[in-house]
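One structure is given here, and the rest of the page talks about it.
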Amino acid sequence: MSRSLAYLLVGVGGAVGGLLRWGATTVVDEAAGAFPWTTFTVNMVGAFALGLLVVGIVGRRQAPPWVRTALGTGLLGGFTTFSAYAHAVDVLATGGEVGTAMAYLVSSVLVGVAAAGAGAAVGARLPARRRRAGDSPTTAHGWSK
Amino acid sequence: MVVGVAVGSGVGAQLRFATERLHARARERRGLGRPSFPWATLTVNVVGSVALGAAAALAARGVISSPWLTVLGIGLAGGLTTFSTFALDVVSLARDHRVAHAVLDIALHLALGLGAGAAMFHILL
């Protein structure tokens, strides 16, 4: 995969991911001071999907390198967000919703890590595909089991 | 607006990709192997959080319009930062029995990402 193709895939994937995230937050109307369920859900779904993709689809199923680049770095990276999470915690806390801010702060990290771990665990259970002779070698992730 | 968010998020993701490649290449040049600590993810998440803090403050002050906040904040900063890679990085570190590094990654994300983002927002506001 050439460098320019990699950047193209990341750009297109990131654009689609960002549009899906923006679409979700635009469609769902959240009251100011409420728990940011939309961003929370986006980040948790994205974390699970990335674990499944990296360990299962790319690792166990030996998907070609562009899958990791376009769907992992691009789509899921653009779909999930850290900046909106950080800013929402700040806005909630300074707006007097300290309990909601703390709940959002802690649950995003705990559930996010658990979701990525769950995605990786599901991915590790996918049947392994043996690489055929002549296939280009894919990056080892150390997740073979 | 759709085009603005798409371009912003696409470019943000490309900048994140460039940061990851830069980090990997710098380690290669120094004869080091795969990154032992996810500095690239931490870097983009801190820079993106600061960028969103700045954009939100400038929008609140009326310096930039609301559509620009959407393009720069939701698009560019949202595409640059990532929660999925952060979460999987922590899982990878813990799985490699480097629990202290996993805890450090979370602590640095919260201290620098949330801290610097909030600081930028309140300084510019």
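We label chains A, B, ... in the order they appear in the structure tokens, count residues from 1 in each chain, and number ligands from 1 in the order shown.
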
Taking only C-alpha atoms into account and nothing else, which residues of chain B lie no more than 7 Å away from chain A? Please answer as a PDB file with all heavy atoms, in the first residue's frame.
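Done, and the output landed in iface_9.pdb:
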ATOM      1  N   VAL B   5     -17.756  19.299   7.931  1.00  0.00           N
ATOM      2  CA  VAL B   5     -17.477  18.279   8.950  1.00  0.00           C
ATOM      3  C   VAL B   5     -16.663  17.142   8.335  1.00  0.00           C
ATOM      4  O   VAL B   5     -15.702  16.648   8.937  1.00  0.00           O
ATOM      5  CB  VAL B   5     -18.794  17.736   9.567  1.00  0.00           C
ATOM      6  CG1 VAL B   5     -18.508  16.536  10.465  1.00  0.00           C
ATOM      7  CG2 VAL B   5     -19.496  18.823  10.356  1.00  0.00           C
ATOM      8  N   ALA B   6     -17.027  16.737   7.109  1.00  0.00           N
ATOM      9  CA  ALA B   6     -16.321  15.636   6.440  1.00  0.00           C
ATOM     10  C   ALA B   6     -14.852  15.997   6.200  1.00  0.00           C
ATOM     11  O   ALA B   6     -13.949  15.217   6.516  1.00  0.00           O
ATOM     12  CB  ALA B   6     -17.012  15.282   5.122  1.00  0.00           C
ATOM     13  N   VAL B   7     -14.616  17.193   5.666  1.00  0.00           N
ATOM     14  CA  VAL B   7     -13.233  17.620   5.391  1.00  0.00           C
ATOM     15  C   VAL B   7     -12.471  17.778   6.707  1.00  0.00           C
ATOM     16  O   VAL B   7     -11.336  17.298   6.845  1.00  0.00           O
ATOM     17  CB  VAL B   7     -13.218  18.945   4.587  1.00  0.00           C
ATOM     18  CG1 VAL B   7     -11.798  19.502   4.505  1.00  0.00           C
ATOM     19  CG2 VAL B   7     -13.782  18.715   3.188  1.00  0.00           C
ATOM     20  N   SER B   9     -12.984  16.386   9.674  1.00  0.00           N
ATOM     21  CA  SER B   9     -12.729  15.099  10.319  1.00  0.00           C
ATOM     22  C   SER B   9     -11.730  14.261   9.525  1.00  0.00           C
ATOM     23  O   SER B   9     -10.879  13.574  10.105  1.00  0.00           O
ATOM     24  CB  SER B   9     -14.048  14.343  10.487  1.00  0.00           C
ATOM     25  OG  SER B   9     -13.861  13.201  11.275  1.00  0.00           O
ATOM     26  N   GLY B  10     -11.818  14.334   8.193  1.00  0.00           N
ATOM     27  CA  GLY B  10     -10.875  13.601   7.341  1.00  0.00           C
ATOM     28  C   GLY B  10      -9.454  14.099   7.522  1.00  0.00           C
ATOM     29  O   GLY B  10      -8.520  13.311   7.696  1.00  0.00           O
ATOM     30  N   VAL B  11      -9.297  15.424   7.512  1.00  0.00           N
ATOM     31  CA  VAL B  11      -7.964  16.017   7.699  1.00  0.00           C
ATOM     32  C   VAL B  11      -7.451  15.721   9.112  1.00  0.00           C
ATOM     33  O   VAL B  11      -6.273  15.395   9.305  1.00  0.00           O
ATOM     34  CB  VAL B  11      -7.997  17.545   7.432  1.00  0.00           C
ATOM     35  CG1 VAL B  11      -6.692  18.208   7.851  1.00  0.00           C
ATOM     36  CG2 VAL B  11      -8.280  17.812   5.959  1.00  0.00           C
ATOM     37  N   ALA B  13      -8.123  13.117  10.947  1.00  0.00           N
ATOM     38  CA  ALA B  13      -7.695  11.713  10.975  1.00  0.00           C
ATOM     39  C   ALA B  13      -6.340  11.551  10.278  1.00  0.00           C
ATOM     40  O   ALA B  13      -5.480  10.787  10.736  1.00  0.00           O
ATOM     41  CB  ALA B  13      -8.747  10.827  10.317  1.00  0.00           C
ATOM     42  N   GLN B  14      -6.128  12.302   9.190  1.00  0.00           N
ATOM     43  CA  GLN B  14      -4.845  12.229   8.479  1.00  0.00           C
ATOM     44  C   GLN B  14      -3.704  12.779   9.333  1.00  0.00           C
ATOM     45  O   GLN B  14      -2.597  12.243   9.333  1.00  0.00           O
ATOM     46  CB  GLN B  14      -4.934  12.971   7.146  1.00  0.00           C
ATOM     47  CG  GLN B  14      -5.778  12.226   6.117  1.00  0.00           C
ATOM     48  CD  GLN B  14      -6.003  13.035   4.851  1.00  0.00           C
ATOM     49  OE1 GLN B  14      -6.039  14.261   4.902  1.00  0.00           O
ATOM     50  NE2 GLN B  14      -6.172  12.343   3.732  1.00  0.00           N
ATOM     51  N   PHE B  17      -2.885  10.128  11.798  1.00  0.00           N
ATOM     52  CA  PHE B  17      -2.129   9.072  11.106  1.00  0.00           C
ATOM     53  C   PHE B  17      -0.675   9.508  10.915  1.00  0.00           C
ATOM     54  O   PHE B  17       0.265   8.732  11.147  1.00  0.00           O
ATOM     55  CB  PHE B  17      -2.812   8.779   9.769  1.00  0.00           C
ATOM     56  CG  PHE B  17      -2.201   7.663   8.975  1.00  0.00           C
ATOM     57  CD1 PHE B  17      -2.003   6.408   9.537  1.00  0.00           C
ATOM     58  CD2 PHE B  17      -1.851   7.851   7.642  1.00  0.00           C
ATOM     59  CE1 PHE B  17      -1.459   5.371   8.789  1.00  0.00           C
ATOM     60  CE2 PHE B  17      -1.310   6.824   6.893  1.00  0.00           C
ATOM     61  CZ  PHE B  17      -1.113   5.585   7.471  1.00  0.00           C
ATOM     62  N   ASN B  45      -4.558  13.381  21.249  1.00  0.00           N
ATOM     63  CA  ASN B  45      -5.707  13.616  22.124  1.00  0.00           C
ATOM     64  C   ASN B  45      -5.539  14.889  22.956  1.00  0.00           C
ATOM     65  O   ASN B  45      -6.512  15.618  23.196  1.00  0.00           O
ATOM     66  CB  ASN B  45      -5.937  12.396  23.026  1.00  0.00           C
ATOM     67  CG  ASN B  45      -6.656  11.276  22.289  1.00  0.00           C
ATOM     68  OD1 ASN B  45      -7.238  11.503  21.230  1.00  0.00           O
ATOM     69  ND2 ASN B  45      -6.608  10.079  22.826  1.00  0.00           N
ATOM     70  N   GLY B  48      -5.775  17.872  20.337  1.00  0.00           N
ATOM     71  CA  GLY B  48      -7.164  18.016  19.894  1.00  0.00           C
ATOM     72  C   GLY B  48      -8.061  18.589  20.978  1.00  0.00           C
ATOM     73  O   GLY B  48      -8.956  19.390  20.694  1.00  0.00           O
ATOM     74  N   SER B  49      -7.827  18.199  22.227  1.00  0.00           N
ATOM     75  CA  SER B  49      -8.636  18.721  23.334  1.00  0.00           C
ATOM     76  C   SER B  49      -8.363  20.202  23.548  1.00  0.00           C
ATOM     77  O   SER B  49      -9.284  20.979  23.823  1.00  0.00           O
ATOM     78  CB  SER B  49      -8.331  17.933  24.619  1.00  0.00           C
ATOM     79  OG  SER B  49      -8.689  16.577  24.458  1.00  0.00           O
ATOM     80  N   LEU B  52     -10.133  22.050  20.688  1.00  0.00           N
ATOM     81  CA  LEU B  52     -11.577  22.189  20.913  1.00  0.00           C
ATOM     82  C   LEU B  52     -11.847  23.216  22.005  1.00  0.00           C
ATOM     83  O   LEU B  52     -12.788  24.019  21.884  1.00  0.00           O
ATOM     84  CB  LEU B  52     -12.208  20.838  21.280  1.00  0.00           C
ATOM     85  CG  LEU B  52     -13.696  20.889  21.627  1.00  0.00           C
ATOM     86  CD1 LEU B  52     -14.518  21.422  20.452  1.00  0.00           C
ATOM     87  CD2 LEU B  52     -14.230  19.526  22.040  1.00  0.00           C
ATOM     88  N   GLY B  53     -11.036  23.216  23.056  1.00  0.00           N
ATOM     89  CA  GLY B  53     -11.197  24.208  24.120  1.00  0.00           C
ATOM     90  C   GLY B  53     -11.069  25.617  23.573  1.00  0.00           C
ATOM     91  O   GLY B  53     -11.864  26.499  23.896  1.00  0.00           O
ATOM     92  N   ILE B  74     -16.048  19.900  16.101  1.00  0.00           N
ATOM     93  CA  ILE B  74     -16.592  18.556  15.899  1.00  0.00           C
ATOM     94  C   ILE B  74     -15.832  17.850  14.780  1.00  0.00           C
ATOM     95  O   ILE B  74     -15.506  16.669  14.887  1.00  0.00           O
ATOM     96  CB  ILE B  74     -18.108  18.623  15.599  1.00  0.00           C
ATOM     97  CG1 ILE B  74     -18.850  19.195  16.796  1.00  0.00           C
ATOM     98  CG2 ILE B  74     -18.638  17.236  15.221  1.00  0.00           C
ATOM     99  CD1 ILE B  74     -20.344  19.307  16.619  1.00  0.00           C
ATOM    100  N   GLY B  75     -15.517  18.583  13.703  1.00  0.00           N
ATOM    101  CA  GLY B  75     -14.810  17.971  12.579  1.00  0.00           C
ATOM    102  C   GLY B  75     -13.338  17.738  12.870  1.00  0.00           C
ATOM    103  O   GLY B  75     -12.920  16.617  13.135  1.00  0.00           O
ATOM    104  N   ALA B  77     -11.022  18.701  15.372  1.00  0.00           N
ATOM    105  CA  ALA B  77     -10.568  18.199  16.677  1.00  0.00           C
ATOM    106  C   ALA B  77     -11.151  16.813  16.948  1.00  0.00           C
ATOM    107  O   ALA B  77     -10.471  15.936  17.504  1.00  0.00           O
ATOM    108  CB  ALA B  77     -10.978  19.169  17.791  1.00  0.00           C
ATOM    109  N   GLY B  78     -12.391  16.580  16.520  1.00  0.00           N
ATOM    110  CA  GLY B  78     -13.023  15.270  16.718  1.00  0.00           C
ATOM    111  C   GLY B  78     -12.345  14.182  15.890  1.00  0.00           C
ATOM    112  O   GLY B  78     -12.189  13.053  16.345  1.00  0.00           O
ATOM    113  N   GLY B  79     -11.938  14.535  14.671  1.00  0.00           N
ATOM    114  CA  GLY B  79     -11.255  13.566  13.812  1.00  0.00           C
ATOM    115  C   GLY B  79      -9.821  13.325  14.243  1.00  0.00           C
ATOM    116  O   GLY B  79      -9.293  12.221  14.105  1.00  0.00           O
ATOM    117  N   THR B  81      -8.660  13.574  17.423  1.00  0.00           N
ATOM    118  CA  THR B  81      -8.638  12.780  18.651  1.00  0.00           C
ATOM    119  C   THR B  81      -9.362  11.456  18.443  1.00  0.00           C
ATOM    120  O   THR B  81     -10.138  11.299  17.510  1.00  0.00           O
ATOM    121  CB  THR B  81      -9.299  13.539  19.824  1.00  0.00           C
ATOM    122  OG1 THR B  81     -10.675  13.769  19.519  1.00  0.00           O
ATOM    123  CG2 THR B  81      -8.601  14.864  20.067  1.00  0.00           C
ATOM    124  N   THR B  82      -9.068  10.512  19.303  1.00  0.00           N
ATOM    125  CA  THR B  82      -9.690   9.196  19.195  1.00  0.00           C
ATOM    126  C   THR B  82      -9.861   8.602  20.578  1.00  0.00           C
ATOM    127  O   THR B  82      -8.974   8.719  21.427  1.00  0.00           O
ATOM    128  CB  THR B  82      -8.843   8.253  18.323  1.00  0.00           C
ATOM    129  OG1 THR B  82      -9.417   6.950  18.378  1.00  0.00           O
ATOM    130  CG2 THR B  82      -7.393   8.174  18.790  1.00  0.00           C
ATOM    131  N   PHE B  83     -11.013   8.020  20.808  1.00  0.00           N
ATOM    132  CA  PHE B  83     -11.234   7.323  22.077  1.00  0.00           C
ATOM    133  C   PHE B  83     -10.975   5.834  21.910  1.00  0.00           C
ATOM    134  O   PHE B  83     -10.497   5.173  22.831  1.00  0.00           O
ATOM    135  CB  PHE B  83     -12.670   7.553  22.581  1.00  0.00           C
ATOM    136  CG  PHE B  83     -12.801   7.374  24.067  1.00  0.00           C
ATOM    137  CD1 PHE B  83     -12.669   8.448  24.930  1.00  0.00           C
ATOM    138  CD2 PHE B  83     -13.022   6.116  24.609  1.00  0.00           C
ATOM    139  CE1 PHE B  83     -12.756   8.278  26.300  1.00  0.00           C
ATOM    140  CE2 PHE B  83     -13.102   5.937  25.986  1.00  0.00           C
ATOM    141  CZ  PHE B  83     -12.975   7.017  26.830  1.00  0.00           C
ATOM    142  N   SER B  84     -11.260   5.313  20.717  1.00  0.00           N
ATOM    143  CA  SER B  84     -11.140   3.873  20.486  1.00  0.00           C
ATOM    144  C   SER B  84      -9.699   3.402  20.613  1.00  0.00           C
ATOM    145  O   SER B  84      -9.419   2.392  21.257  1.00  0.00           O
ATOM    146  CB  SER B  84     -11.724   3.502  19.115  1.00  0.00           C
ATOM    147  OG  SER B  84     -11.241   4.360  18.109  1.00  0.00           O
ATOM    148  N   THR B  85      -8.749   4.149  20.008  1.00  0.00           N
ATOM    149  CA  THR B  85      -7.339   3.753  20.078  1.00  0.00           C
ATOM    150  C   THR B  85      -6.815   3.891  21.506  1.00  0.00           C
ATOM    151  O   THR B  85      -6.067   3.037  21.985  1.00  0.00           O
ATOM    152  CB  THR B  85      -6.488   4.601  19.115  1.00  0.00           C
ATOM    153  OG1 THR B  85      -7.051   4.494  17.810  1.00  0.00           O
ATOM    154  CG2 THR B  85      -5.050   4.120  19.067  1.00  0.00           C
ATOM    155  N   ALA B  87      -8.536   3.521  24.270  1.00  0.00           N
ATOM    156  CA  ALA B  87      -9.059   2.389  25.049  1.00  0.00           C
ATOM    157  C   ALA B  87      -8.314   1.096  24.703  1.00  0.00           C
ATOM    158  O   ALA B  87      -7.932   0.332  25.602  1.00  0.00           O
ATOM    159  CB  ALA B  87     -10.562   2.224  24.789  1.00  0.00           C
ATOM    160  N   LEU B  88      -8.063   0.862  23.407  1.00  0.00           N
ATOM    161  CA  LEU B  88      -7.372  -0.375  23.009  1.00  0.00           C
ATOM    162  C   LEU B  88      -5.895  -0.345  23.421  1.00  0.00           C
ATOM    163  O   LEU B  88      -5.324  -1.381  23.750  1.00  0.00           O
ATOM    164  CB  LEU B  88      -7.517  -0.618  21.499  1.00  0.00           C
ATOM    165  CG  LEU B  88      -7.063  -1.995  21.013  1.00  0.00           C
ATOM    166  CD1 LEU B  88      -7.878  -3.113  21.672  1.00  0.00           C
ATOM    167  CD2 LEU B  88      -7.177  -2.110  19.492  1.00  0.00           C
ATOM    168  N   VAL B  90      -4.780   0.960  26.171  1.00  0.00           N
ATOM    169  CA  VAL B  90      -4.776   0.592  27.593  1.00  0.00           C
ATOM    170  C   VAL B  90      -4.921  -0.930  27.736  1.00  0.00           C
ATOM    171  O   VAL B  90      -4.204  -1.564  28.519  1.00  0.00           O
ATOM    172  CB  VAL B  90      -5.912   1.330  28.352  1.00  0.00           C
ATOM    173  CG1 VAL B  90      -6.057   0.804  29.775  1.00  0.00           C
ATOM    174  CG2 VAL B  90      -5.649   2.830  28.369  1.00  0.00           C
ATOM    175  N   VAL B  91      -5.810  -1.515  26.937  1.00  0.00           N
ATOM    176  CA  VAL B  91      -6.001  -2.971  26.964  1.00  0.00           C
ATOM    177  C   VAL B  91      -4.704  -3.678  26.568  1.00  0.00           C
ATOM    178  O   VAL B  91      -4.287  -4.641  27.215  1.00  0.00           O
ATOM    179  CB  VAL B  91      -7.164  -3.386  26.031  1.00  0.00           C
ATOM    180  CG1 VAL B  91      -7.249  -4.898  25.900  1.00  0.00           C
ATOM    181  CG2 VAL B  91      -8.481  -2.829  26.549  1.00  0.00           C
ATOM    182  N   GLY B 113      -5.047  15.892  28.789  1.00  0.00           N
ATOM    183  CA  GLY B 113      -6.153  16.087  27.838  1.00  0.00           C
ATOM    184  C   GLY B 113      -7.250  16.951  28.421  1.00  0.00           C
ATOM    185  O   GLY B 113      -7.583  18.007  27.887  1.00  0.00           O
ATOM    186  N   LEU B 114      -7.788  16.500  29.557  1.00  0.00           N
ATOM    187  CA  LEU B 114      -8.848  17.272  30.197  1.00  0.00           C
ATOM    188  C   LEU B 114      -8.292  18.577  30.761  1.00  0.00           C
ATOM    189  O   LEU B 114      -8.900  19.637  30.609  1.00  0.00           O
ATOM    190  CB  LEU B 114      -9.509  16.453  31.320  1.00  0.00           C
ATOM    191  CG  LEU B 114     -10.729  15.614  30.915  1.00  0.00           C
ATOM    192  CD1 LEU B 114     -10.317  14.404  30.116  1.00  0.00           C
ATOM    193  CD2 LEU B 114     -11.507  15.183  32.138  1.00  0.00           C
ATOM    194  N   GLY B 117      -7.116  21.080  27.936  1.00  0.00           N
ATOM    195  CA  GLY B 117      -8.303  21.500  27.184  1.00  0.00           C
ATOM    196  C   GLY B 117      -9.129  22.495  27.986  1.00  0.00           C
ATOM    197  O   GLY B 117      -9.550  23.541  27.477  1.00  0.00           O
ATOM    198  N   ALA B 118      -9.352  22.169  29.272  1.00  0.00           N
ATOM    199  CA  ALA B 118     -10.126  23.054  30.147  1.00  0.00           C
ATOM    200  C   ALA B 118      -9.384  24.368  30.368  1.00  0.00           C
ATOM    201  O   ALA B 118      -9.995  25.444  30.349  1.00  0.00           O
ATOM    202  CB  ALA B 118     -10.402  22.352  31.476  1.00  0.00           C
TER     203      ALA B 118
END

Requested in this report: Please report, as number ranges by chain, each residue of region 62-116 of chain B to which DSSP assigns alpha helix (DSSP H) when run on this structure's backbone.
Outcome: B: 66-69, 78-80, 84-95, 99-108, 115-116

Query raised in the report: What does the distance from CA of Phe37 (chain B) to CA of His101 (chain B) come to in Å, to one decimal?
Result: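 Straight-line distance from CA of Phe37 (chain B) to CA of His101 (chain B) works out to 7.3 Å.
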
Requested in this report: List the neighbours of Leu58 (chain B) out to 12 Å using only C-alpha atoms; skip same-chain residues closer than 5 positions along the sequence, and give me the result as a list in words.
Outcome: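 Contacts, in chain order: Ala51, Leu52, Gly53, Val63, Ile64, Ser65, Ser66, Trp68, Leu69, Leu72, Gly73, Met120, Phe121, His122, Ile123, Leu124 and Leu125 of chain B.
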
Keeping only C-alpha atoms, write the selected residues as a JSON list (two decimals), in the first residue's frame.
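Okay, result_34.json is ready:
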[["chain", "number", "residue", "atom", "x", "y", "z"],
["B", 51, "ALA", "CA", -7.94, 22.88, 20.00],
["B", 52, "LEU", "CA", -11.58, 22.19, 20.91],
["B", 53, "GLY", "CA", -11.20, 24.21, 24.12],
["B", 63, "VAL", "CA", -14.90, 35.53, 17.47],
["B", 64, "ILE", "CA", -15.79, 32.55, 15.28],
["B", 65, "SER", "CA", -19.29, 31.66, 14.10],
["B", 66, "SER", "CA", -21.18, 28.54, 15.15],
["B", 68, "TRP", "CA", -16.87, 27.21, 12.23],
["B", 69, "LEU", "CA", -17.09, 25.68, 15.69],
["B", 72, "LEU", "CA", -13.10, 22.95, 13.67],
["B", 73, "GLY", "CA", -14.42, 21.50, 16.93],
["B", 120, "MET", "CA", -7.32, 26.71, 27.18],
["B", 121, "PHE", "CA", -11.12, 27.09, 27.25],
["B", 122, "HIS", "CA", -11.16, 29.14, 30.46],
["B", 123, "ILE", "CA", -8.12, 31.27, 29.55],
["B", 124, "LEU", "CA", -9.59, 32.32, 26.20],
["B", 125, "LEU", "CA", -13.18, 32.64, 27.44]]

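Closest to Leu15 (chain B) among B:Ile106, B:Val3, B:Arg27, B:Val44 is B:Val44, based on only C-alpha atoms.
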